[in-house]
$ cat target09.pdb   # PDB, C-alpha atoms
ATOM      1  CA  GLN A   1     -28.255  31.569 -19.428
ATOM      2  CA  SER A   2     -26.451  34.908 -19.405
ATOM      3  CA  GLY A   3     -23.462  33.262 -17.675
ATOM      4  CA  ALA A   4     -23.275  30.565 -20.323
ATOM      5  CA  GLN A   5     -23.542  33.198 -23.027
ATOM      6  CA  MET A   6     -20.680  35.190 -21.489
ATOM      7  CA  ALA A   7     -18.555  32.052 -21.186
ATOM      8  CA  SER A   8     -19.233  31.183 -24.813
ATOM      9  CA  TYR A   9     -18.279  34.699 -25.904
ATOM     10  CA  ALA A  10     -15.062  34.637 -23.849
ATOM     11  CA  ALA A  11     -14.140  31.213 -25.231
ATOM     12  CA  GLY A  12     -14.385  32.664 -28.726
ATOM     13  CA  PHE A  13     -11.228  34.707 -28.072
ATOM     14  CA  PHE A  14      -9.086  31.558 -27.938
ATOM     15  CA  PRO A  15      -6.838  30.617 -29.550
ATOM     16  CA  PRO A  16      -5.537  34.006 -30.744
ATOM     17  CA  ASP A  17      -5.088  34.493 -34.490
ATOM     18  CA  THR A  18      -1.393  34.047 -35.288
ATOM     19  CA  SER A  19      -1.593  33.769 -39.061
ATOM     20  CA  PRO A  20       1.393  35.422 -40.820
ATOM     21  CA  GLY A  21      -0.708  37.970 -42.674
ATOM     22  CA  TRP A  22      -2.465  39.104 -39.511
ATOM     23  CA  LEU A  23       0.791  39.245 -37.558
ATOM     24  CA  ARG A  24       2.187  41.585 -40.216
ATOM     25  CA  GLN A  25      -0.836  43.844 -39.742
ATOM     26  CA  LEU A  26      -0.248  43.745 -35.984
ATOM     27  CA  GLY A  27       3.382  44.715 -36.499
ATOM     28  CA  ARG A  28       2.377  47.720 -38.603
ATOM     29  CA  GLY A  29      -0.250  48.684 -36.033
ATOM     30  CA  ALA A  30       2.263  48.417 -33.183
ATOM     31  CA  LEU A  31       4.781  50.590 -35.036
ATOM     32  CA  GLU A  32       2.044  53.124 -35.741
ATOM     33  CA  THR A  33       1.059  53.179 -32.060
ATOM     34  CA  LEU A  34       4.685  53.631 -31.015
ATOM     35  CA  ALA A  35       5.121  56.442 -33.537
ATOM     36  CA  ILE A  36       1.947  58.218 -32.369
ATOM     37  CA  SER A  37       3.050  58.108 -28.738
ATOM     38  CA  ALA A  38       6.715  58.935 -29.361
ATOM     39  CA  ILE A  39       6.146  61.841 -31.763
ATOM     40  CA  GLY A  40       3.299  63.213 -29.657
ATOM     41  CA  THR A  41       5.451  63.075 -26.519
ATOM     42  CA  LEU A  42       8.429  64.667 -28.294
ATOM     43  CA  ILE A  43       6.305  67.564 -29.572
ATOM     44  CA  ALA A  44       4.814  67.984 -26.098
ATOM     45  CA  ALA A  45       8.251  67.987 -24.448
ATOM     46  CA  LEU A  46       9.490  70.741 -26.781
ATOM     47  CA  LEU A  47       6.360  72.872 -26.403
ATOM     48  CA  GLY A  48       6.207  72.182 -22.666
ATOM     49  CA  ALA A  49       9.826  73.274 -22.234
ATOM     50  CA  ALA A  50       9.140  76.544 -24.067
ATOM     51  CA  LEU A  51       5.950  77.260 -22.119
ATOM     52  CA  SER A  52       7.562  76.285 -18.816
ATOM     53  CA  LEU A  53       9.910  79.263 -19.104
ATOM     54  CA  LEU A  54       6.879  81.528 -19.184
ATOM     55  CA  ALA A  55       4.965  79.556 -16.542
ATOM     56  CA  ALA A  56       7.928  79.729 -14.161
ATOM     57  CA  GLY A  57       7.887  83.531 -14.350
ATOM     58  CA  ARG A  58      11.105  83.913 -16.310
ATOM     59  CA  LEU A  59       9.570  86.560 -18.582
ATOM     60  CA  GLY A  60       7.351  88.454 -16.169
ATOM     61  CA  ARG A  61       4.050  88.025 -14.335
ATOM     62  CA  PRO A  62       1.642  88.610 -17.258
ATOM     63  CA  ALA A  63       3.407  85.938 -19.345
ATOM     64  CA  LYS A  64       3.395  83.609 -16.318
ATOM     65  CA  ALA A  65      -0.355  83.986 -15.798
ATOM     66  CA  ALA A  66      -1.130  83.486 -19.504
ATOM     67  CA  ALA A  67       1.134  80.424 -19.798
ATOM     68  CA  ARG A  68      -0.320  78.781 -16.690
ATOM     69  CA  LEU A  69      -3.844  79.392 -17.971
ATOM     70  CA  LEU A  70      -2.957  77.781 -21.313
ATOM     71  CA  LEU A  71      -1.273  74.774 -19.652
ATOM     72  CA  ASN A  72      -4.268  74.278 -17.362
ATOM     73  CA  ALA A  73      -6.626  74.390 -20.336
ATOM     74  CA  LEU A  74      -4.565  71.880 -22.357
ATOM     75  CA  ARG A  75      -4.302  69.282 -19.618
ATOM     76  CA  SER A  76      -7.877  69.684 -18.367
ATOM     77  CA  VAL A  77      -9.207  68.243 -21.648
ATOM     78  CA  PRO A  78      -8.737  64.425 -21.744
ATOM     79  CA  GLU A  79      -6.858  62.821 -24.608
ATOM     80  CA  LEU A  80      -9.992  61.080 -25.894
ATOM     81  CA  VAL A  81     -11.793  64.415 -26.202
ATOM     82  CA  TRP A  82      -8.800  65.968 -27.968
ATOM     83  CA  ALA A  83      -8.696  62.927 -30.278
ATOM     84  CA  ALA A  84     -12.379  63.261 -31.147
ATOM     85  CA  LEU A  85     -11.849  66.939 -31.943
ATOM     86  CA  MET A  86      -8.700  66.256 -33.979
ATOM     87  CA  VAL A  87     -10.401  63.495 -35.971
ATOM     88  CA  ILE A  88     -13.046  66.042 -36.951
ATOM     89  CA  ALA A  89     -10.429  68.692 -37.753
ATOM     90  CA  ALA A  90      -7.705  66.569 -39.369
ATOM     91  CA  GLY A  91      -9.510  63.377 -40.402
ATOM     92  CA  LEU A  92      -9.101  59.755 -39.375
ATOM     93  CA  GLY A  93      -5.636  58.321 -38.847
ATOM     94  CA  PRO A  94      -2.489  58.597 -36.757
ATOM     95  CA  PHE A  95      -2.051  62.353 -37.314
ATOM     96  CA  ALA A  96      -5.142  63.044 -35.215
ATOM     97  CA  GLY A  97      -3.880  60.754 -32.453
ATOM     98  CA  THR A  98      -0.466  62.406 -32.454
ATOM     99  CA  LEU A  99      -2.016  65.872 -32.126
ATOM    100  CA  ALA A 100      -4.320  64.716 -29.323
ATOM    101  CA  ILE A 101      -1.447  63.280 -27.298
ATOM    102  CA  ALA A 102       0.747  66.311 -27.981
ATOM    103  CA  LEU A 103      -1.883  68.804 -26.843
ATOM    104  CA  HIS A 104      -2.762  67.079 -23.573
ATOM    105  CA  THR A 105       0.822  66.126 -22.725
ATOM    106  CA  THR A 106       2.041  69.673 -23.377
ATOM    107  CA  GLY A 107      -0.199  70.822 -20.547
ATOM    108  CA  VAL A 108       1.096  68.108 -18.213
ATOM    109  CA  LEU A 109       4.799  68.415 -19.024
ATOM    110  CA  GLY A 110       4.722  72.212 -19.175
ATOM    111  CA  ARG A 111       3.454  72.366 -15.599
ATOM    112  CA  LEU A 112       5.952  69.753 -14.372
ATOM    113  CA  PHE A 113       8.834  71.471 -16.163
ATOM    114  CA  ALA A 114       7.830  74.842 -14.682
ATOM    115  CA  GLU A 115       7.797  73.411 -11.166
ATOM    116  CA  ALA A 116      11.251  71.934 -11.737
ATOM    117  CA  LEU A 117      12.492  75.352 -12.849
ATOM    118  CA  GLU A 118      10.973  77.030  -9.816
ATOM    119  CA  ASN A 119      12.658  74.523  -7.488
ATOM    120  CA  ALA A 120      16.048  74.668  -9.236
ATOM    121  CA  PRO A 121      18.870  76.074  -7.078
ATOM    122  CA  PRO A 122      19.547  79.687  -8.169
ATOM    123  CA  ALA A 123      23.203  79.760  -7.085
ATOM    124  CA  PRO A 124      24.823  78.480 -10.343
ATOM    125  CA  SER A 125      22.847  80.867 -12.531
ATOM    126  CA  THR A 126      23.436  83.782 -10.136
ATOM    127  CA  ALA A 127      27.168  83.107 -10.072
ATOM    128  CA  LEU A 128      27.309  83.150 -13.877
ATOM    129  CA  ARG A 129      25.333  86.405 -14.045
ATOM    130  CA  GLU A 130      27.641  88.027 -11.514
ATOM    131  CA  ALA A 131      30.627  86.856 -13.570
ATOM    132  CA  GLY A 132      29.303  88.728 -16.575
ATOM    133  CA  SER A 133      27.266  86.071 -18.429
ATOM    134  CA  GLY A 134      24.049  86.993 -20.181
ATOM    135  CA  ALA A 135      20.642  85.685 -19.139
ATOM    136  CA  VAL A 136      20.576  83.056 -21.901
ATOM    137  CA  ALA A 137      24.046  81.713 -21.096
ATOM    138  CA  ALA A 138      23.261  81.678 -17.369
ATOM    139  CA  PHE A 139      20.152  79.610 -18.060
ATOM    140  CA  PHE A 140      21.829  77.097 -20.389
ATOM    141  CA  TYR A 141      24.935  76.612 -18.248
ATOM    142  CA  GLY A 142      23.578  77.284 -14.768
ATOM    143  CA  THR A 143      19.925  76.246 -14.595
ATOM    144  CA  LEU A 144      19.330  73.774 -17.429
ATOM    145  CA  PRO A 145      21.909  71.163 -16.299
ATOM    146  CA  ASN A 146      20.113  70.953 -12.945
ATOM    147  CA  VAL A 147      16.616  70.462 -14.360
ATOM    148  CA  LEU A 148      17.362  68.471 -17.523
ATOM    149  CA  PRO A 149      17.524  65.033 -15.808
ATOM    150  CA  GLN A 150      14.133  65.757 -14.216
ATOM    151  CA  TRP A 151      12.692  66.915 -17.519
ATOM    152  CA  LEU A 152      13.887  63.753 -19.265
ATOM    153  CA  ALA A 153      12.515  61.531 -16.495
ATOM    154  CA  TYR A 154       9.117  63.269 -16.668
ATOM    155  CA  SER A 155       9.083  62.918 -20.469
ATOM    156  CA  LEU A 156       9.891  59.208 -20.331
ATOM    157  CA  TYR A 157       7.201  58.599 -17.738
ATOM    158  CA  ARG A 158       4.631  60.420 -19.837
ATOM    159  CA  TRP A 159       5.716  58.395 -22.874
ATOM    160  CA  GLU A 160       4.891  55.214 -20.958
ATOM    161  CA  ASN A 161       1.408  56.566 -20.277
ATOM    162  CA  ASN A 162       1.007  57.769 -23.842
ATOM    163  CA  ILE A 163       1.772  54.294 -25.216
ATOM    164  CA  ARG A 164      -1.335  53.032 -23.436
ATOM    165  CA  MET A 165      -3.361  56.058 -24.442
ATOM    166  CA  ALA A 166      -2.293  55.771 -28.103
ATOM    167  CA  ALA A 167      -3.684  52.235 -28.109
ATOM    168  CA  VAL A 168      -7.009  53.499 -26.742
ATOM    169  CA  LEU A 169      -7.285  56.460 -29.113
ATOM    170  CA  GLY A 170      -7.784  54.087 -32.028
ATOM    171  CA  PHE A 171     -11.351  53.604 -30.804
ATOM    172  CA  VAL A 172     -12.161  57.112 -32.040
ATOM    173  CA  GLY A 173     -10.358  56.595 -35.347
ATOM    174  CA  ALA A 174      -6.854  57.755 -34.402
ATOM    175  CA  GLY A 175      -5.034  54.746 -35.890
ATOM    176  CA  GLY A 176      -2.708  52.132 -34.416
ATOM    177  CA  LEU A 177      -3.544  48.963 -32.517
ATOM    178  CA  GLY A 178      -6.601  50.568 -30.955
ATOM    179  CA  GLN A 179      -8.235  50.954 -34.341
ATOM    180  CA  LEU A 180      -7.486  47.305 -35.170
ATOM    181  CA  LEU A 181      -9.029  46.277 -31.853
ATOM    182  CA  TYR A 182     -12.128  48.365 -32.498
ATOM    183  CA  VAL A 183     -12.588  46.892 -35.980
ATOM    184  CA  THR A 184     -12.070  43.280 -34.894
ATOM    185  CA  LEU A 185     -14.466  43.611 -31.947
ATOM    186  CA  SER A 186     -17.052  45.299 -34.150
ATOM    187  CA  LEU A 187     -16.850  42.394 -36.623
ATOM    188  CA  PHE A 188     -16.916  39.791 -33.805
ATOM    189  CA  GLN A 189     -13.473  38.530 -34.802
ATOM    190  CA  GLN A 190     -12.551  37.510 -31.266
ATOM    191  CA  PRO A 191      -9.363  35.537 -32.081
ATOM    192  CA  ARG A 192      -7.962  38.543 -33.924
ATOM    193  CA  ALA A 193      -9.064  40.860 -31.120
ATOM    194  CA  MET A 194      -7.227  38.659 -28.602
ATOM    195  CA  SER A 195      -4.037  38.820 -30.658
ATOM    196  CA  VAL A 196      -4.343  42.630 -30.737
ATOM    197  CA  MET A 197      -4.720  42.748 -26.943
ATOM    198  CA  LEU A 198      -1.701  40.476 -26.501
ATOM    199  CA  ALA A 199       0.323  42.703 -28.842
ATOM    200  CA  MET A 200      -0.698  45.741 -26.746
ATOM    201  CA  LEU A 201       0.358  43.987 -23.548
ATOM    202  CA  LEU A 202       3.722  42.941 -24.981
ATOM    203  CA  MET A 203       4.424  46.417 -26.364
ATOM    204  CA  VAL A 204       3.590  48.115 -23.055
ATOM    205  CA  MET A 205       5.769  45.679 -21.100
ATOM    206  CA  VAL A 206       8.753  46.234 -23.399
ATOM    207  CA  VAL A 207       8.403  50.031 -23.348
ATOM    208  CA  ASP A 208       7.916  50.082 -19.560
ATOM    209  CA  ALA A 209      11.072  48.043 -19.035
ATOM    210  CA  ALA A 210      13.106  50.228 -21.395
ATOM    211  CA  SER A 211      11.767  53.444 -19.868
ATOM    212  CA  ASN A 212      12.367  52.280 -16.295
ATOM    213  CA  GLY A 213      15.945  51.415 -17.221
ATOM    214  CA  LEU A 214      16.555  54.837 -18.737
ATOM    215  CA  ARG A 215      14.934  56.661 -15.814
ATOM    216  CA  SER A 216      17.028  54.698 -13.303
ATOM    217  CA  ARG A 217      20.171  55.784 -15.137
ATOM    218  CA  LEU A 218      19.002  59.400 -15.115
ATOM    219  CA  GLY A 219      18.283  59.144 -11.406
TER     220      GLY A 219
END
$ encode --input "target09.pdb" --output "structure tokens"
Amino acid sequence: QSGAQMASYAAGFFPPDTSPGWLRQLGRGALETLAISAIGTLIAALLGAALSLLAAGRLGRPAKAAARLLLNALRSVPELVWAALMVIAAGLGPFAGTLAIALHTTGVLGRLFAEALENAPPAPSTALREAGSGAVAAFFYGTLPNVLPQWLAYSLYRWENNIRMAAVLGFVGAGGLGQLLYVTLSLFQQPRAMSVMLAMLLMVMVVDAASNGLRSRLG
């Protein structure tokens, strides 16, 4: 009996709802999910780059210890927990999802960026310093060109992951396709839920292909 009930429930997902009005809602939800992931990743890349300078020991040991502690704390809290906290603090909607992704991803990218800085060859920067350049110029012209391709590749890879996570965060009220999926499943609108899942799959496939192409060029 339970098997027949499961089969009946699964059959209710087909065919997916492809009505024009619903497809327009899916399009808006997909754009919202893309915006949440892209803006959250961009904020995280900028904050992670700033914190990586401290975490790599560029400004002394106390700053290095404090930055590493902060990065560890940010990435140790899962995105769903951050999202639940941000929904309470900022209310329902995509802003909470963007903040959740930005906070967690800052911890991840900041650590990866710091490791790239630590492994960067010191010779170009040292040569510029010995030629009379300041510390800032030596970093921008000697160190940054060596680590920037790695930083961009890490950021693109995290964006791929954040696309998937942005779709999930909707279950805690953070907007996007995930929120549409939560609502349709709660109302037992299986055909609409199936169309949301197909939209998620298509969006992830397109973003993965685009990101892989960009990362291969950077490599």
$ atom_distance --input "target09.pdb" --atom1 "CA of Pro191 in chain A" --atom2 "CA of Ser19 in chain A"
10.6 Å
$ resolve_selection --input "target09.pdb" --expression "the PyMOL selection byres ((chain A and resi 31) around 12)" --output "mmCIF file with C-alpha atoms, in the frame of the given file"
data_model
loop_
_atom_site.group_PDB
_atom_site.id
_atom_site.type_symbol
_atom_site.label_atom_id
_atom_site.label_comp_id
_atom_site.auth_asym_id
_atom_site.auth_seq_id
_atom_site.Cartn_x
_atom_site.Cartn_y
_atom_site.Cartn_z
ATOM 1 C CA ARG A 24 2.187 41.585 -40.216
ATOM 2 C CA GLN A 25 -0.836 43.844 -39.742
ATOM 3 C CA LEU A 26 -0.248 43.745 -35.984
ATOM 4 C CA GLY A 27 3.382 44.715 -36.499
ATOM 5 C CA ARG A 28 2.377 47.720 -38.603
ATOM 6 C CA GLY A 29 -0.250 48.684 -36.033
ATOM 7 C CA ALA A 30 2.263 48.417 -33.183
ATOM 8 C CA GLU A 32 2.044 53.124 -35.741
ATOM 9 C CA THR A 33 1.059 53.179 -32.060
ATOM 10 C CA LEU A 34 4.685 53.631 -31.015
ATOM 11 C CA ALA A 35 5.121 56.442 -33.537
ATOM 12 C CA ILE A 36 1.947 58.218 -32.369
ATOM 13 C CA SER A 37 3.050 58.108 -28.738
ATOM 14 C CA ALA A 38 6.715 58.935 -29.361
ATOM 15 C CA ILE A 39 6.146 61.841 -31.763
ATOM 16 C CA PRO A 94 -2.489 58.597 -36.757
ATOM 17 C CA ILE A 163 1.772 54.294 -25.216
ATOM 18 C CA ALA A 166 -2.293 55.771 -28.103
ATOM 19 C CA ALA A 167 -3.684 52.235 -28.109
ATOM 20 C CA GLY A 175 -5.034 54.746 -35.890
ATOM 21 C CA GLY A 176 -2.708 52.132 -34.416
ATOM 22 C CA LEU A 177 -3.544 48.963 -32.517
ATOM 23 C CA ALA A 199 0.323 42.703 -28.842
ATOM 24 C CA MET A 200 -0.698 45.741 -26.746
ATOM 25 C CA MET A 203 4.424 46.417 -26.364
#
$ atom_distance --input "target09.pdb" --atom1 "CA of Gly142 in chain A" --atom2 "CA of Gly40 in chain A"
28.8 Å
$ atom_distance --input "target09.pdb" --atom1 "CA of Ala73 in chain A" --atom2 "CA of Phe140 in chain A"
28.6 Å
$ resolve_selection --input "target09.pdb" --expression "the PyMOL selection byres ((chain A and resi 83-93) around 7)" --output "VMD selection string"
chain A and resid 79 to 82 94 to 97 99 to 100 169 172 to 175
$ residues_around --input "target09.pdb" --residues "Leu128 in chain A" --least-positions-apart "4" --cutoff "8 Å" --atoms "all atoms listed in the file" --output "PDB file with C-alpha atoms, keeping the file's coordinate frame"
ATOM      1  CA  PRO A 124      24.823  78.480 -10.343  1.00  0.00           C
ATOM      2  CA  GLY A 132      29.303  88.728 -16.575  1.00  0.00           C
ATOM      3  CA  SER A 133      27.266  86.071 -18.429  1.00  0.00           C
ATOM      4  CA  ALA A 138      23.261  81.678 -17.369  1.00  0.00           C
ATOM      5  CA  GLY A 142      23.578  77.284 -14.768  1.00  0.00           C
TER       6      GLY A 142
END
$ residues_around --input "target09.pdb" --residues "range 148-159 of chain A" --least-positions-apart "4" --cutoff "7 Å" --atoms "all atoms listed in the file" --output "PyMOL selection string"
chain A and resi 37-38+41+45+113+144+163+211+215+218
$ closest_residue --input "target09.pdb" --among "A:Thr18, A:Asn161, A:Thr143, A:Ser216" --to "Leu198 in chain A" --atoms "only C-alpha atoms"
A:Thr18
$ closest_residue --input "target09.pdb" --among "A:Ala131, A:Met194, A:Leu70, A:Leu112" --to "Pro15 in chain A" --atoms "all atoms listed in the file"
A:Met194
$ closest_residue --input "target09.pdb" --among "A:Arg164, A:Lys64, A:His104, A:Arg217" --to "Gly48 in chain A" --atoms "all atoms listed in the file"
A:His104
$ closest_residue --input "target09.pdb" --among "A:Ala102, A:Val77, A:Ala7, A:Leu117" --to "Leu54 in chain A" --atoms "all atoms listed in the file"
A:Leu117
$ resolve_selection --input "target09.pdb" --expression "the PyMOL selection byres ((chain A and resi 108) around 8)" --output "list in words"
Gly48, Leu71, Leu74, Arg75, His104, Thr105, Thr106, Gly107, Leu109, Gly110, Arg111 and Leu112 of chain A
$ closest_residue --input "target09.pdb" --among "A:Pro122, A:Pro62, A:Gly170, A:Gly213" --to "Thr184 in chain A" --atoms "all atoms listed in the file"
A:Gly170
$ axis_aligned_box --input "target09.pdb" --around "range 124-127 of chain A" --padding-each-side "6 Å" --output "JSON"
{"center_x": 25.0, "center_y": 81.1, "center_z": -11.3, "size_x": 16.3, "size_y": 17.3, "size_z": 14.5}
$ decode --input "target09.pdb" --residues "range 8-69 of chain A" --atoms "C-alpha atoms" --output "PDB file, in the first residue's frame"
ATOM      1  CA  SER A   8       0.746   7.784  -7.028  1.00  0.00           C
ATOM      2  CA  TYR A   9       2.472  10.763  -5.414  1.00  0.00           C
ATOM      3  CA  ALA A  10       5.404  10.591  -7.852  1.00  0.00           C
ATOM      4  CA  ALA A  11       3.037  10.332 -10.820  1.00  0.00           C
ATOM      5  CA  GLY A  12       1.419  13.570  -9.690  1.00  0.00           C
ATOM      6  CA  PHE A  13       4.575  15.468 -10.692  1.00  0.00           C
ATOM      7  CA  PHE A  14       3.973  14.738 -14.383  1.00  0.00           C
ATOM      8  CA  PRO A  15       3.508  16.462 -16.697  1.00  0.00           C
ATOM      9  CA  PRO A  16       5.268  19.606 -15.426  1.00  0.00           C
ATOM     10  CA  ASP A  17       3.292  22.857 -15.456  1.00  0.00           C
ATOM     11  CA  THR A  18       4.366  24.845 -18.519  1.00  0.00           C
ATOM     12  CA  SER A  19       1.619  27.454 -18.570  1.00  0.00           C
ATOM     13  CA  PRO A  20       2.879  30.895 -19.715  1.00  0.00           C
ATOM     14  CA  GLY A  21       2.029  32.637 -16.460  1.00  0.00           C
ATOM     15  CA  TRP A  22       3.872  30.058 -14.380  1.00  0.00           C
ATOM     16  CA  LEU A  23       6.871  30.080 -16.712  1.00  0.00           C
ATOM     17  CA  ARG A  24       7.125  33.845 -16.215  1.00  0.00           C
ATOM     18  CA  GLN A  25       7.189  33.293 -12.452  1.00  0.00           C
ATOM     19  CA  LEU A  26       9.908  30.678 -12.941  1.00  0.00           C
ATOM     20  CA  GLY A  27      11.929  33.127 -15.014  1.00  0.00           C
ATOM     21  CA  ARG A  28      11.719  35.761 -12.278  1.00  0.00           C
ATOM     22  CA  GLY A  29      12.639  33.164  -9.661  1.00  0.00           C
ATOM     23  CA  ALA A  30      15.630  31.985 -11.705  1.00  0.00           C
ATOM     24  CA  LEU A  31      16.884  35.553 -12.155  1.00  0.00           C
ATOM     25  CA  GLU A  32      16.467  36.147  -8.429  1.00  0.00           C
ATOM     26  CA  THR A  33      18.435  32.980  -7.639  1.00  0.00           C
ATOM     27  CA  LEU A  34      21.193  33.999 -10.047  1.00  0.00           C
ATOM     28  CA  ALA A  35      21.320  37.478  -8.518  1.00  0.00           C
ATOM     29  CA  ILE A  36      21.496  36.099  -4.960  1.00  0.00           C
ATOM     30  CA  SER A  37      24.383  33.798  -5.842  1.00  0.00           C
ATOM     31  CA  ALA A  38      26.271  36.273  -8.037  1.00  0.00           C
ATOM     32  CA  ILE A  39      26.027  39.270  -5.694  1.00  0.00           C
ATOM     33  CA  GLY A  40      26.759  37.130  -2.644  1.00  0.00           C
ATOM     34  CA  THR A  41      29.832  35.642  -4.331  1.00  0.00           C
ATOM     35  CA  LEU A  42      31.042  39.062  -5.509  1.00  0.00           C
ATOM     36  CA  ILE A  43      30.756  40.534  -2.004  1.00  0.00           C
ATOM     37  CA  ALA A  44      32.538  37.484  -0.594  1.00  0.00           C
ATOM     38  CA  ALA A  45      35.351  37.744  -3.155  1.00  0.00           C
ATOM     39  CA  LEU A  46      35.972  41.402  -2.265  1.00  0.00           C
ATOM     40  CA  LEU A  47      35.847  40.812   1.492  1.00  0.00           C
ATOM     41  CA  GLY A  48      37.852  37.595   1.166  1.00  0.00           C
ATOM     42  CA  ALA A  49      40.561  39.390  -0.814  1.00  0.00           C
ATOM     43  CA  ALA A  50      40.837  42.090   1.861  1.00  0.00           C
ATOM     44  CA  LEU A  51      40.927  39.592   4.731  1.00  0.00           C
ATOM     45  CA  SER A  52      43.369  37.330   2.893  1.00  0.00           C
ATOM     46  CA  LEU A  53      46.022  40.046   3.112  1.00  0.00           C
ATOM     47  CA  LEU A  54      45.719  39.910   6.882  1.00  0.00           C
ATOM     48  CA  ALA A  55      45.402  36.113   7.017  1.00  0.00           C
ATOM     49  CA  ALA A  56      48.553  35.702   4.926  1.00  0.00           C
ATOM     50  CA  GLY A  57      50.536  37.712   7.479  1.00  0.00           C
ATOM     51  CA  ARG A  58      51.068  40.776   5.317  1.00  0.00           C
ATOM     52  CA  LEU A  59      50.281  43.127   8.212  1.00  0.00           C
ATOM     53  CA  GLY A  60      51.823  41.287  11.140  1.00  0.00           C
ATOM     54  CA  ARG A  61      51.141  38.258  13.332  1.00  0.00           C
ATOM     55  CA  PRO A  62      48.332  39.695  15.508  1.00  0.00           C
ATOM     56  CA  ALA A  63      46.343  40.706  12.405  1.00  0.00           C
ATOM     57  CA  LYS A  64      47.031  37.272  10.882  1.00  0.00           C
ATOM     58  CA  ALA A  65      45.709  35.434  13.940  1.00  0.00           C
ATOM     59  CA  ALA A  66      42.594  37.632  14.171  1.00  0.00           C
ATOM     60  CA  ALA A  67      41.818  37.320  10.444  1.00  0.00           C
ATOM     61  CA  ARG A  68      42.223  33.537  10.455  1.00  0.00           C
ATOM     62  CA  LEU A  69      39.955  33.267  13.490  1.00  0.00           C
TER      63      LEU A  69
END
